[in-house]
$ cat final-v4.cif   # mmCIF, C-alpha atoms
data_input
#
loop_
_atom_site.label_atom_id
_atom_site.label_comp_id
_atom_site.auth_asym_id
_atom_site.auth_seq_id
_atom_site.Cartn_x
_atom_site.Cartn_y
_atom_site.Cartn_z
CA MET A 1 -82.58 -57.64 -46.93
CA ALA A 2 -82.45 -53.85 -46.95
CA THR A 3 -84.53 -53.51 -50.09
CA GLU A 4 -86.95 -56.09 -48.82
CA ALA A 5 -87.38 -54.11 -45.60
CA ALA A 6 -87.79 -50.92 -47.55
CA ASP A 7 -90.43 -52.52 -49.71
CA ALA A 8 -92.26 -53.69 -46.64
CA ALA A 9 -92.08 -50.19 -45.17
CA ASN A 10 -93.34 -48.60 -48.34
CA GLY A 11 -96.07 -51.16 -48.56
CA ALA A 12 -97.13 -50.40 -45.01
CA ALA A 13 -97.08 -46.69 -45.72
CA GLU A 14 -99.11 -46.98 -48.85
CA SER A 15 -101.75 -49.44 -47.75
CA SER A 16 -101.80 -48.11 -44.15
CA VAL A 17 -103.32 -51.30 -42.94
CA GLY A 18 -102.06 -52.95 -39.81
CA MET A 19 -99.85 -51.36 -37.22
CA PRO A 20 -96.72 -49.46 -38.25
CA GLN A 21 -95.45 -50.49 -34.81
CA LEU A 22 -95.13 -54.06 -36.09
CA ASP A 23 -93.24 -53.10 -39.23
CA PHE A 24 -90.01 -54.82 -38.29
CA SER A 25 -88.05 -53.18 -41.09
CA THR A 26 -88.01 -49.91 -39.14
CA PHE A 27 -86.85 -51.49 -35.89
CA PRO A 28 -83.07 -51.20 -36.44
CA ASN A 29 -83.49 -47.53 -37.24
CA GLN A 30 -85.59 -46.84 -34.16
CA VAL A 31 -83.34 -48.85 -31.87
CA PHE A 32 -80.24 -47.13 -33.21
CA TRP A 33 -81.61 -43.63 -32.71
CA LEU A 34 -83.06 -44.55 -29.33
CA VAL A 35 -79.68 -45.75 -28.12
CA VAL A 36 -78.04 -42.59 -29.41
CA THR A 37 -80.71 -40.46 -27.72
CA LEU A 38 -80.48 -42.25 -24.39
CA VAL A 39 -76.70 -42.14 -24.37
CA VAL A 40 -76.72 -38.42 -25.15
CA ILE A 41 -79.31 -37.68 -22.47
CA TYR A 42 -77.45 -39.87 -19.96
CA LEU A 43 -74.14 -38.12 -20.62
CA VAL A 44 -75.69 -34.66 -20.46
CA LEU A 45 -77.53 -35.47 -17.24
CA SER A 46 -74.73 -37.27 -15.42
CA ARG A 47 -71.95 -34.90 -16.53
CA VAL A 48 -73.66 -31.52 -16.46
CA ALA A 49 -77.25 -31.23 -15.36
CA LEU A 50 -77.56 -33.45 -12.30
CA PRO A 51 -74.33 -32.36 -10.54
CA ARG A 52 -75.29 -28.76 -11.18
CA ILE A 53 -78.78 -29.14 -9.78
CA ALA A 54 -77.46 -31.09 -6.80
CA GLU A 55 -74.97 -28.32 -6.18
CA VAL A 56 -77.67 -25.64 -6.37
CA LEU A 57 -79.94 -27.57 -4.02
CA ALA A 58 -77.08 -28.13 -1.56
CA ALA A 59 -76.15 -24.45 -1.70
CA ARG A 60 -79.76 -23.49 -1.05
CA GLN A 61 -80.01 -25.95 1.82
CA GLY A 62 -76.83 -24.48 3.27
CA ALA A 63 -78.12 -20.95 2.88
CA ILE A 64 -81.40 -21.89 4.52
CA THR A 65 -79.62 -23.60 7.42
CA SER A 66 -77.32 -20.66 8.01
CA ASP A 67 -80.23 -18.25 7.69
CA ILE A 68 -82.18 -20.21 10.26
CA ALA A 69 -79.17 -20.13 12.58
CA THR A 70 -78.89 -16.36 12.10
CA ALA A 71 -82.58 -15.96 12.72
CA GLU A 72 -82.26 -18.02 15.90
CA GLU A 73 -79.42 -15.80 17.04
CA LEU A 74 -81.37 -12.65 16.27
CA LYS A 75 -84.36 -14.06 18.09
CA GLN A 76 -82.17 -14.68 21.12
CA LYS A 77 -80.89 -11.13 20.88
CA ALA A 78 -84.39 -9.79 20.64
CA ALA A 79 -85.39 -11.83 23.69
CA ASN A 80 -82.41 -10.45 25.60
CA ALA A 81 -83.27 -6.92 24.57
CA GLU A 82 -86.84 -7.42 25.66
CA GLU A 83 -85.70 -8.75 29.01
CA ALA A 84 -83.40 -5.75 29.49
CA TYR A 85 -86.24 -3.46 28.55
CA GLU A 86 -88.58 -5.16 31.00
CA ARG A 87 -85.98 -4.83 33.71
CA ALA A 88 -85.42 -1.17 32.93
CA LEU A 89 -89.14 -0.62 32.91
CA ALA A 90 -89.55 -2.30 36.31
CA GLU A 91 -86.71 -0.22 37.70
CA ALA A 92 -88.19 2.97 36.33
CA ARG A 93 -91.55 2.03 37.77
CA ALA A 94 -90.02 1.45 41.20
CA GLU A 95 -88.13 4.73 40.96
CA ALA A 96 -91.31 6.53 39.97
CA GLY A 97 -93.14 4.98 42.92
CA ARG A 98 -90.39 6.07 45.25
CA ILE A 99 -90.40 9.61 43.91
CA ALA A 100 -94.16 9.80 44.16
CA ALA A 101 -94.08 8.59 47.76
CA GLU A 102 -91.40 11.12 48.59
CA ALA A 103 -93.32 13.91 46.99
CA LYS A 104 -96.44 12.83 48.80
CA ALA A 105 -94.62 12.81 52.15
CA GLU A 106 -93.15 16.22 51.46
CA MET A 107 -96.51 17.61 50.53
CA GLN A 108 -98.10 16.03 53.60
CA ALA A 109 -95.49 17.70 55.78
CA GLU A 110 -96.11 21.03 54.12
CA VAL A 111 -99.85 20.65 54.47
CA ASP A 112 -99.46 19.72 58.14
CA ALA A 113 -97.29 22.75 58.73
CA ALA A 114 -99.76 24.99 56.96
CA ILE A 115 -102.63 23.56 59.00
CA GLU A 116 -100.65 24.15 62.18
CA ARG A 117 -99.91 27.69 61.16
CA ALA A 118 -103.51 28.27 60.30
CA ASP A 119 -104.60 26.81 63.61
CA ALA A 120 -102.20 29.08 65.46
CA GLU A 121 -103.43 32.11 63.58
CA ILE A 122 -107.03 31.14 64.19
CA ALA A 123 -106.27 30.75 67.90
CA SER A 124 -104.52 34.11 68.10
CA ARG A 125 -107.31 35.80 66.18
CA ALA A 126 -109.89 34.21 68.45
CA ALA A 127 -107.99 35.41 71.53
CA GLU A 128 -107.75 38.89 70.09
CA SER A 129 -111.46 38.93 69.31
CA GLU A 130 -112.25 37.70 72.81
CA ALA A 131 -110.15 40.51 74.30
CA ARG A 132 -112.00 43.01 72.15
CA ILE A 133 -115.34 41.55 73.13
CA ASP A 134 -114.28 41.82 76.77
CA GLU A 135 -113.24 45.40 76.23
CA ILE A 136 -116.55 46.17 74.53
CA ARG A 137 -118.42 44.43 77.29
CA LYS A 138 -116.47 46.45 79.84
CA GLY A 139 -117.13 49.66 77.90
CA ALA A 140 -120.81 48.83 77.76
CA ALA A 141 -120.94 48.37 81.55
CA GLU A 142 -119.15 51.66 81.99
CA ALA A 143 -121.63 53.32 79.65
CA VAL A 144 -124.54 51.77 81.54
CA ARG A 145 -123.09 53.14 84.80
CA ASP A 146 -122.70 56.61 83.30
CA VAL A 147 -126.19 56.52 81.85
CA ALA A 148 -127.59 55.23 85.19
CA ARG A 149 -125.76 57.85 87.13
CA SER A 150 -126.87 60.70 84.93
CA ALA A 151 -130.39 59.34 84.77
CA ALA A 152 -130.45 58.86 88.52
CA SER A 153 -129.15 62.37 89.19
CA ASP A 154 -131.70 63.73 86.68
CA VAL A 155 -134.52 61.79 88.32
CA VAL A 156 -133.42 62.86 91.79
CA ALA A 157 -133.11 66.47 90.63
CA ALA A 158 -136.60 66.31 89.13
CA LEU A 159 -137.91 64.99 92.42
CA GLY A 160 -136.36 68.10 94.02
CA VAL A 161 -134.01 66.28 96.29
CA LYS A 162 -130.55 67.54 96.54
CA VAL A 163 -128.05 64.78 96.55
CA ASP A 164 -124.37 64.89 96.01
CA GLY A 165 -122.62 62.95 93.33
CA ALA A 166 -120.85 60.52 95.63
CA ALA A 167 -124.12 59.24 97.09
CA ILE A 168 -125.52 58.58 93.59
CA ASP A 169 -122.35 56.78 92.52
CA ALA A 170 -122.53 54.55 95.57
CA ALA A 171 -126.21 53.83 94.95
CA VAL A 172 -125.64 53.03 91.26
CA ALA A 173 -122.66 50.81 92.10
CA ALA A 174 -124.72 49.02 94.71
CA GLN A 175 -127.55 48.46 92.24
CA MET A 176 -125.25 47.24 89.48
CA LYS A 177 -123.52 44.83 91.75
CA GLY A 178 -126.84 43.33 92.65
CA MET B 1 -114.83 -29.80 -46.99
CA ALA B 2 -116.24 -33.10 -46.02
CA THR B 3 -115.61 -34.45 -49.48
CA GLU B 4 -111.86 -33.96 -49.04
CA THR B 5 -111.65 -36.63 -46.41
CA ARG B 6 -113.96 -39.02 -48.15
CA GLY B 7 -112.31 -42.05 -49.63
CA GLU B 8 -112.91 -43.52 -53.04
CA GLU B 9 -115.73 -45.64 -51.67
CA GLY B 10 -117.60 -42.49 -50.63
CA GLY B 11 -117.30 -43.20 -46.90
CA LEU B 12 -114.97 -41.62 -44.38
CA ALA B 13 -111.34 -42.59 -44.77
CA PHE B 14 -109.94 -43.65 -41.43
CA HIS B 15 -106.17 -43.55 -41.19
CA PRO B 16 -105.64 -43.51 -37.43
CA MET B 17 -102.37 -45.41 -37.65
CA ASP B 18 -100.73 -43.32 -40.37
CA GLN B 19 -99.30 -41.00 -37.72
CA PHE B 20 -97.11 -43.83 -36.47
CA ILE B 21 -95.42 -44.61 -39.79
CA VAL B 22 -91.66 -44.32 -39.68
CA LYS B 23 -90.46 -42.53 -42.81
CA PRO B 24 -87.24 -40.87 -43.93
CA LEU B 25 -87.10 -37.19 -43.25
CA PHE B 26 -85.29 -36.41 -46.49
CA GLY B 27 -86.21 -38.13 -49.73
CA ASP B 28 -88.26 -41.25 -50.08
CA GLY B 29 -85.68 -44.01 -49.83
CA PRO B 30 -85.65 -47.09 -47.65
CA VAL B 31 -85.39 -46.88 -43.87
CA GLY B 32 -81.86 -48.07 -43.12
CA ILE B 33 -80.31 -48.28 -39.69
CA VAL B 34 -78.82 -44.77 -39.70
CA THR B 35 -81.36 -43.10 -42.00
CA ILE B 36 -82.49 -39.74 -40.64
CA THR B 37 -86.17 -40.43 -40.06
CA ASN B 38 -88.99 -38.75 -38.20
CA VAL B 39 -87.90 -40.93 -35.26
CA THR B 40 -84.51 -39.21 -35.34
CA PHE B 41 -86.13 -35.80 -35.54
CA TRP B 42 -88.52 -36.22 -32.62
CA MET B 43 -85.93 -37.96 -30.45
CA ALA B 44 -83.49 -35.14 -31.16
CA LEU B 45 -86.21 -32.70 -30.19
CA ALA B 46 -86.69 -34.59 -26.92
CA VAL B 47 -82.94 -34.35 -26.28
CA LEU B 48 -83.05 -30.62 -26.99
CA CYS B 49 -85.96 -30.20 -24.58
CA VAL B 50 -84.14 -32.11 -21.85
CA VAL B 51 -81.03 -30.00 -22.42
CA ALA B 52 -83.09 -26.81 -22.48
CA LEU B 53 -84.80 -27.63 -19.21
CA LEU B 54 -82.05 -29.24 -17.19
CA VAL B 55 -78.94 -27.55 -18.58
CA LEU B 56 -79.97 -24.15 -19.97
CA GLY B 57 -82.68 -23.78 -17.34
CA THR B 58 -80.21 -24.16 -14.50
CA ARG B 59 -77.52 -22.05 -16.16
CA GLY B 60 -77.94 -19.26 -13.62
CA ARG B 61 -77.37 -21.59 -10.63
CA ALA B 62 -79.60 -19.13 -8.83
CA LEU B 63 -80.17 -19.46 -5.11
CA VAL B 64 -83.66 -18.14 -5.71
CA PRO B 65 -84.60 -20.12 -8.83
CA THR B 66 -86.09 -18.75 -12.00
CA ARG B 67 -89.21 -20.41 -13.35
CA THR B 68 -87.37 -22.86 -15.60
CA GLN B 69 -84.80 -23.67 -12.94
CA SER B 70 -87.63 -24.26 -10.53
CA VAL B 71 -89.20 -26.78 -12.89
CA ALA B 72 -85.83 -28.47 -13.41
CA GLU B 73 -85.33 -28.74 -9.66
CA LEU B 74 -88.85 -30.06 -9.29
CA ALA B 75 -88.16 -32.80 -11.84
CA TYR B 76 -84.87 -33.61 -10.14
CA GLY B 77 -86.45 -33.73 -6.71
CA PHE B 78 -89.38 -35.77 -7.98
CA VAL B 79 -87.24 -38.55 -9.45
CA TYR B 80 -84.62 -38.34 -6.70
CA ARG B 81 -87.22 -38.83 -3.98
CA MET B 82 -88.85 -41.62 -5.97
CA VAL B 83 -85.54 -43.49 -6.20
CA GLU B 84 -84.76 -42.82 -2.55
CA ASP B 85 -88.19 -43.92 -1.32
CA VAL B 86 -88.61 -46.98 -3.49
CA VAL B 87 -85.08 -48.33 -3.88
CA GLY B 88 -83.44 -46.91 -0.80
CA LYS B 89 -80.22 -45.00 -0.18
CA ASP B 90 -78.07 -47.55 -2.01
CA GLY B 91 -80.21 -47.07 -5.13
CA LEU B 92 -79.16 -43.45 -5.53
CA ARG B 93 -76.14 -44.63 -7.55
CA TYR B 94 -78.60 -45.49 -10.34
CA PHE B 95 -80.47 -42.20 -10.09
CA PRO B 96 -78.98 -40.67 -13.31
CA TYR B 97 -80.05 -43.78 -15.20
CA ILE B 98 -83.66 -43.57 -14.01
CA MET B 99 -83.67 -39.82 -14.49
CA THR B 100 -82.56 -40.37 -18.11
CA LEU B 101 -85.41 -42.79 -18.76
CA PHE B 102 -87.97 -40.57 -17.06
CA MET B 103 -86.95 -37.36 -18.81
CA PHE B 104 -86.80 -39.04 -22.20
CA ILE B 105 -90.22 -40.65 -21.84
CA VAL B 106 -91.91 -37.61 -20.39
CA PHE B 107 -90.62 -35.32 -23.14
CA SER B 108 -91.31 -37.84 -25.90
CA ASN B 109 -94.86 -38.25 -24.62
CA PHE B 110 -95.51 -34.53 -24.39
CA LEU B 111 -93.89 -33.80 -27.77
CA GLY B 112 -96.10 -36.51 -29.21
CA LEU B 113 -99.13 -34.53 -28.07
CA LEU B 114 -98.27 -31.70 -30.45
CA PRO B 115 -100.50 -31.80 -33.52
CA LEU B 116 -98.85 -33.44 -36.54
CA SER B 117 -96.05 -34.78 -34.37
CA PHE B 118 -94.64 -38.30 -34.23
CA THR B 119 -94.73 -40.12 -30.91
CA THR B 120 -91.55 -42.14 -30.52
CA THR B 121 -92.75 -43.78 -27.31
CA SER B 122 -95.79 -45.21 -29.08
CA HIS B 123 -93.50 -47.69 -30.82
CA ILE B 124 -93.00 -51.05 -29.25
CA ALA B 125 -89.46 -51.14 -30.65
CA VAL B 126 -88.54 -48.12 -28.55
CA THR B 127 -90.25 -49.11 -25.33
CA ALA B 128 -89.11 -52.74 -25.67
CA VAL B 129 -85.48 -51.68 -25.92
CA MET B 130 -85.83 -49.58 -22.80
CA ALA B 131 -87.64 -52.36 -20.96
CA ILE B 132 -85.11 -54.98 -22.02
CA VAL B 133 -82.23 -52.76 -20.97
CA VAL B 134 -83.89 -52.30 -17.60
CA PHE B 135 -84.52 -56.05 -17.34
CA VAL B 136 -80.96 -57.02 -18.23
CA THR B 137 -79.40 -54.33 -16.04
CA VAL B 138 -81.54 -55.25 -13.07
CA THR B 139 -80.82 -58.96 -13.48
CA VAL B 140 -77.07 -58.36 -13.79
CA ILE B 141 -77.07 -56.05 -10.77
CA GLY B 142 -79.06 -58.63 -8.83
CA PHE B 143 -76.57 -61.39 -9.48
CA VAL B 144 -73.52 -59.19 -9.01
CA LYS B 145 -74.74 -57.81 -5.69
CA ASN B 146 -76.27 -60.96 -4.23
CA GLY B 147 -74.75 -63.87 -6.15
CA ALA B 148 -76.91 -66.94 -5.87
CA GLY B 149 -78.86 -65.12 -3.14
CA PHE B 150 -80.71 -63.38 -5.93
CA PHE B 151 -82.72 -66.58 -6.40
CA GLY B 152 -84.23 -65.76 -3.02
CA LEU B 153 -86.47 -63.40 -4.96
CA PHE B 154 -88.29 -66.46 -6.32
CA TRP B 155 -88.13 -68.55 -3.13
CA ILE B 156 -90.68 -66.92 -0.85
CA GLU B 157 -89.80 -67.89 2.68
CA ALA B 158 -92.90 -66.33 4.16
CA ALA B 159 -95.06 -68.95 2.39
CA PRO B 160 -95.63 -72.52 3.61
CA LEU B 161 -93.01 -74.96 2.34
CA VAL B 162 -95.52 -76.87 0.20
CA LEU B 163 -96.53 -73.78 -1.72
CA ARG B 164 -93.01 -72.51 -2.30
CA PRO B 165 -92.20 -74.47 -5.49
CA ILE B 166 -95.50 -73.43 -7.06
CA LEU B 167 -94.94 -69.83 -6.05
CA ALA B 168 -91.40 -70.04 -7.38
CA VAL B 169 -92.73 -71.01 -10.81
CA ILE B 170 -95.23 -68.16 -10.74
CA GLU B 171 -92.54 -65.73 -9.58
CA VAL B 172 -90.16 -66.80 -12.35
CA ILE B 173 -92.86 -66.40 -14.99
CA SER B 174 -93.85 -63.00 -13.63
CA TYR B 175 -90.19 -62.01 -13.57
CA PHE B 176 -89.80 -62.78 -17.26
CA VAL B 177 -93.11 -61.14 -18.15
CA ARG B 178 -91.91 -57.90 -16.59
CA PRO B 179 -90.17 -56.48 -19.70
CA VAL B 180 -93.19 -57.39 -21.83
CA SER B 181 -95.72 -55.62 -19.62
CA HIS B 182 -93.25 -52.83 -18.96
CA SER B 183 -92.89 -52.02 -22.65
CA ILE B 184 -96.40 -52.74 -23.89
CA ARG B 185 -97.96 -50.64 -21.15
CA LEU B 186 -96.19 -47.50 -22.33
CA ALA B 187 -96.43 -48.09 -26.07
CA GLY B 188 -100.04 -49.26 -25.85
CA ASN B 189 -101.17 -46.27 -23.81
CA MET B 190 -99.51 -43.77 -26.11
CA MET B 191 -100.70 -45.47 -29.29
CA ALA B 192 -104.28 -45.96 -28.18
CA GLY B 193 -104.78 -42.34 -27.14
CA HIS B 194 -103.35 -40.93 -30.32
CA ALA B 195 -105.31 -43.34 -32.49
CA VAL B 196 -108.57 -42.46 -30.72
CA ILE B 197 -107.92 -38.75 -31.19
CA LYS B 198 -107.31 -39.39 -34.87
CA VAL B 199 -110.56 -41.34 -35.21
CA PHE B 200 -112.52 -38.53 -33.60
CA ALA B 201 -110.72 -36.06 -35.83
CA THR B 202 -111.93 -38.00 -38.85
CA PHE B 203 -115.49 -37.90 -37.55
CA ALA B 204 -115.18 -34.11 -37.32
CA ALA B 205 -115.55 -34.06 -41.11
CA ILE B 206 -119.23 -34.84 -40.73
CA VAL B 207 -120.89 -31.50 -40.02
CA ALA B 208 -123.66 -32.93 -37.85
CA ILE B 209 -121.39 -34.54 -35.30
CA SER B 210 -118.36 -32.33 -35.59
CA PRO B 211 -119.11 -30.25 -32.43
CA LEU B 212 -119.38 -33.45 -30.42
CA SER B 213 -116.24 -34.76 -32.06
CA VAL B 214 -114.28 -31.60 -31.28
CA LEU B 215 -115.42 -31.76 -27.65
CA ALA B 216 -114.39 -35.40 -27.50
CA ILE B 217 -110.99 -34.55 -28.94
CA ALA B 218 -110.51 -31.86 -26.31
CA ALA B 219 -111.51 -34.25 -23.54
CA ILE B 220 -109.27 -37.05 -24.78
CA TYR B 221 -106.45 -34.59 -25.27
CA ALA B 222 -106.72 -33.60 -21.62
CA LEU B 223 -106.77 -37.25 -20.62
CA GLU B 224 -103.76 -37.93 -22.84
CA THR B 225 -101.83 -35.10 -21.18
CA LEU B 226 -102.41 -36.82 -17.88
CA VAL B 227 -101.59 -40.24 -19.32
CA SER B 228 -98.36 -38.90 -20.84
CA PHE B 229 -97.08 -37.92 -17.44
CA ILE B 230 -98.47 -40.92 -15.59
CA GLN B 231 -96.97 -43.42 -18.02
CA ALA B 232 -93.55 -41.83 -17.70
CA TYR B 233 -93.96 -41.94 -13.93
CA VAL B 234 -95.12 -45.57 -14.03
CA PHE B 235 -92.21 -46.59 -16.22
CA ALA B 236 -89.73 -44.91 -13.89
CA ILE B 237 -91.28 -46.20 -10.68
CA LEU B 238 -91.47 -49.77 -12.02
CA THR B 239 -87.80 -49.51 -12.91
CA CYS B 240 -87.21 -48.46 -9.30
CA VAL B 241 -89.25 -51.40 -8.02
CA TYR B 242 -87.28 -53.86 -10.16
CA LEU B 243 -84.06 -52.28 -8.99
CA ARG B 244 -85.13 -52.67 -5.38
CA ASP B 245 -85.82 -56.34 -6.01
CA ALA B 246 -82.32 -56.66 -7.43
CA LEU B 247 -80.67 -54.90 -4.50
CA HIS B 248 -82.77 -56.47 -1.76
CA PRO B 249 -84.16 -59.76 -3.09
CA HIS B 250 -85.33 -60.89 0.36
CA HIS B 251 -88.58 -59.08 0.87
#

$ encode --input "final-v4.cif" --output "structure tokens"
Amino acid sequence: MATEAADAANGAAESSVGMPQLDFSTFPNQVFWLVVTLVVIYLVLSRVALPRIAEVLAARQGAITSDIATAEELKQKAANAEEAYERALAEARAEAGRIAAEAKAEMQAEVDAAIERADAEIASRAAESEARIDEIRKGAAEAVRDVARSAASDVVAALGVKVDGAAIDAAVAAQMKG
Amino acid sequence: MATETRGEEGGLAFHPMDQFIVKPLFGDGPVGIVTITNVTFWMALAVLCVVALLVLGTRGRALVPTRTQSVAELAYGFVYRMVEDVVGKDGLRYFPYIMTLFMFIVFSNFLGLLPLSFTTTSHIAVTAVMAIVVFVTVTVIGFVKNGAGFFGLFWIEAAPLVLRPILAVIEVISYFVRPVSHSIRLAGNMMAGHAVIKVFATFAAIVAISPLSVLAIAAIYALETLVSFIQAYVFAILTCVYLRDALHPHH
């Protein structure tokens, strides 16, 4: 049987006609080694490789899940921080508004006071100037009277009339009153 | 150069099937049951690749995976989700079994794409054993889980009563054809692609058409890379479908 199969195999190899796949003498050999191969692969996979890969995948899944949880937590923290920041910002803005309003009011008061002071000064200066103008006006009238009196006495003297000072004064005063 | 590949008759010597010959690795003796053959070698290489990817690649157990670990996790997730989606939660018990089949086929297919290599999955003996094991396992699981209720798989209650016996016959036939199509699909796909590449490679000896032939080889090689993965996927997903039928025969 064995030699017969071997002869058939050799014959197939030498003539190389037909399909080596249908050379039944090689079947036991192929089947034997296939079974050995499959059993070895099965044992290696089921004992070592597959549990290991499953373990790695589970570990990675766990890591990813915990990382996502951490990220969620951090995101929450960031949101809280942002909220606190917004609140602080709003507070600061309100404070700034208040300070600005205060400063504005203060400045307004100062400006008002300054304007009042200036007004008072202007009024006093105006009064002073008016008094001076009055004085000047009065001086001018006095000067006019003097000039009129001396001119009148000169004119009267040139006309050759002798008049006393009191009469001229009275005449000038009467004229100026008119 | 061309003369080297010419046969005695003066024409081109086509040996597209020589790559599939099972021969002893050491010496020239007969192929006994435990003889170390090229089958042994390439299957051992597939085992080494599986170990390298899924055991050595995940050695670091890194939370942030290295490249190899990433590929290993991808393969794990791919098959795991396939089992979960197709079979359901109760099918996850059989996940290592389907993972074994998938990893073996995918690595055998890809190793077979190496030049001068031997493709173990192109042999009907190999794929038939896997398909028969799937068939027997699924049938046993079906009867153990559902008892006589497993016959409900063949008795389609959605159909009119008159049609049911006819459908039952068709269903039974299709059930028993499953291992045949399951195994021939994989072996046929792998064999055909490799044989075609070999034929084109022989044509490359003729100077006039060698550029075309090389282009064709490249194109078919790309296609075969795709087919290698798809056939492994198809084998695994069909196993899942059969398993689902066994676990939930009332569809």

$ atom_distance --input "final-v4.cif" --atom1 "atom CA of Glu135 of chain A" --atom2 "atom CA of Ala120 of chain A"
22.5 Å

$ resolve_selection --input "final-v4.cif" --expression "the PyMOL selection byres ((chain B) within 6 of (chain A))" --output "mmCIF file with C-alpha atoms, keeping the file's coordinate frame"
data_model
loop_
_atom_site.group_PDB
_atom_site.id
_atom_site.type_symbol
_atom_site.label_atom_id
_atom_site.label_comp_id
_atom_site.auth_asym_id
_atom_site.auth_seq_id
_atom_site.Cartn_x
_atom_site.Cartn_y
_atom_site.Cartn_z
ATOM 1 C CA PHE B 20 -97.110 -43.830 -36.470
ATOM 2 C CA ILE B 21 -95.420 -44.610 -39.790
ATOM 3 C CA PRO B 30 -85.650 -47.090 -47.650
ATOM 4 C CA VAL B 31 -85.390 -46.880 -43.870
ATOM 5 C CA ILE B 33 -80.310 -48.280 -39.690
ATOM 6 C CA VAL B 34 -78.820 -44.770 -39.700
ATOM 7 C CA THR B 40 -84.510 -39.210 -35.340
ATOM 8 C CA LEU B 54 -82.050 -29.240 -17.190
ATOM 9 C CA VAL B 55 -78.940 -27.550 -18.580
ATOM 10 C CA ARG B 61 -77.370 -21.590 -10.630
ATOM 11 C CA LEU B 63 -80.170 -19.460 -5.110
ATOM 12 C CA PRO B 96 -78.980 -40.670 -13.310
ATOM 13 C CA THR B 100 -82.560 -40.370 -18.110
ATOM 14 C CA HIS B 123 -93.500 -47.690 -30.820
ATOM 15 C CA ALA B 125 -89.460 -51.140 -30.650
#

$ resolve_selection --input "final-v4.cif" --expression "the PyMOL selection byres ((chain B and resi 113) around 12)" --output "VMD selection string"
chain B and resid 19 42 106 to 112 114 to 122 190 to 191 193 to 195 197 to 198 217 to 218 220 to 229

$ axis_aligned_box --input "final-v4.cif" --around "segment 34-51 of chain A" --padding-each-side "5 Å" --output "AutoDock Vina command-line options"
--center_x -77.5 --center_y -38.5 --center_z -20.0 --size_x 21.1 --size_y 24.5 --size_z 28.9

$ residues_around --input "final-v4.cif" --residues "Leu186 of chain B" --least-positions-apart "2" --cutoff "8 Å" --atoms "all atoms listed in the file" --output "list in words"
Thr121, Ser122, Thr127, His182, Ser183, Ile184, Gly188, Asn189, Met190, Gln231, Ala232 and Phe235 of chain B

$ write_last_selection --input "final-v4.cif" --atoms "C-alpha atoms" --output "mmCIF file, keeping the file's coordinate frame"
data_model
loop_
_atom_site.group_PDB
_atom_site.id
_atom_site.type_symbol
_atom_site.label_atom_id
_atom_site.label_comp_id
_atom_site.auth_asym_id
_atom_site.auth_seq_id
_atom_site.Cartn_x
_atom_site.Cartn_y
_atom_site.Cartn_z
ATOM 1 C CA THR B 121 -92.750 -43.780 -27.310
ATOM 2 C CA SER B 122 -95.790 -45.210 -29.080
ATOM 3 C CA THR B 127 -90.250 -49.110 -25.330
ATOM 4 C CA HIS B 182 -93.250 -52.830 -18.960
ATOM 5 C CA SER B 183 -92.890 -52.020 -22.650
ATOM 6 C CA ILE B 184 -96.400 -52.740 -23.890
ATOM 7 C CA GLY B 188 -100.040 -49.260 -25.850
ATOM 8 C CA ASN B 189 -101.170 -46.270 -23.810
ATOM 9 C CA MET B 190 -99.510 -43.770 -26.110
ATOM 10 C CA GLN B 231 -96.970 -43.420 -18.020
ATOM 11 C CA ALA B 232 -93.550 -41.830 -17.700
ATOM 12 C CA PHE B 235 -92.210 -46.590 -16.220
#

$ resolve_selection --input "final-v4.cif" --expression "the PyMOL selection byres ((chain B and resi 70-81) around 7)" --output "list in words"
Ile53 of chain A; Leu53, Leu54, Gly57, Pro65, Thr66, Arg67, Thr68, Gln69, Met82, Val83, Glu84, Asp85, Phe95 and Met99 of chain B

$ residues_near_point --input "final-v4.cif" --point "(-127.3, 54.8, 86.9)" --cutoff "12 Å" --atoms "only C-alpha atoms" --output "tab-separated table (two decimals) with C-alpha atoms, in the coordinates of the input"
chain	number	residue	atom	x	y	z
A	141	ALA	CA	-120.94	48.37	81.55
A	142	GLU	CA	-119.15	51.66	81.99
A	143	ALA	CA	-121.63	53.32	79.65
A	144	VAL	CA	-124.54	51.77	81.54
A	145	ARG	CA	-123.09	53.14	84.80
A	146	ASP	CA	-122.70	56.61	83.30
A	147	VAL	CA	-126.19	56.52	81.85
A	148	ALA	CA	-127.59	55.23	85.19
A	149	ARG	CA	-125.76	57.85	87.13
A	150	SER	CA	-126.87	60.70	84.93
A	151	ALA	CA	-130.39	59.34	84.77
A	152	ALA	CA	-130.45	58.86	88.52
A	153	SER	CA	-129.15	62.37	89.19
A	154	ASP	CA	-131.70	63.73	86.68
A	155	VAL	CA	-134.52	61.79	88.32
A	156	VAL	CA	-133.42	62.86	91.79
A	165	GLY	CA	-122.62	62.95	93.33
A	167	ALA	CA	-124.12	59.24	97.09
A	168	ILE	CA	-125.52	58.58	93.59
A	169	ASP	CA	-122.35	56.78	92.52
A	170	ALA	CA	-122.53	54.55	95.57
A	171	ALA	CA	-126.21	53.83	94.95
A	172	VAL	CA	-125.64	53.03	91.26
A	173	ALA	CA	-122.66	50.81	92.10
A	174	ALA	CA	-124.72	49.02	94.71
A	175	GLN	CA	-127.55	48.46	92.24
A	176	MET	CA	-125.25	47.24	89.48
A	177	LYS	CA	-123.52	44.83	91.75

$ closest_residue --input "final-v4.cif" --among "B:Gly27, B:Pro179, B:Gly152, B:Gly32" --to "Asp245 of chain B" --atoms "only C-alpha atoms"
B:Gly152

$ atom_distance --input "final-v4.cif" --atom1 "atom CA of Val196 of chain B" --atom2 "atom CA of Ala216 of chain B"
9.7 Å
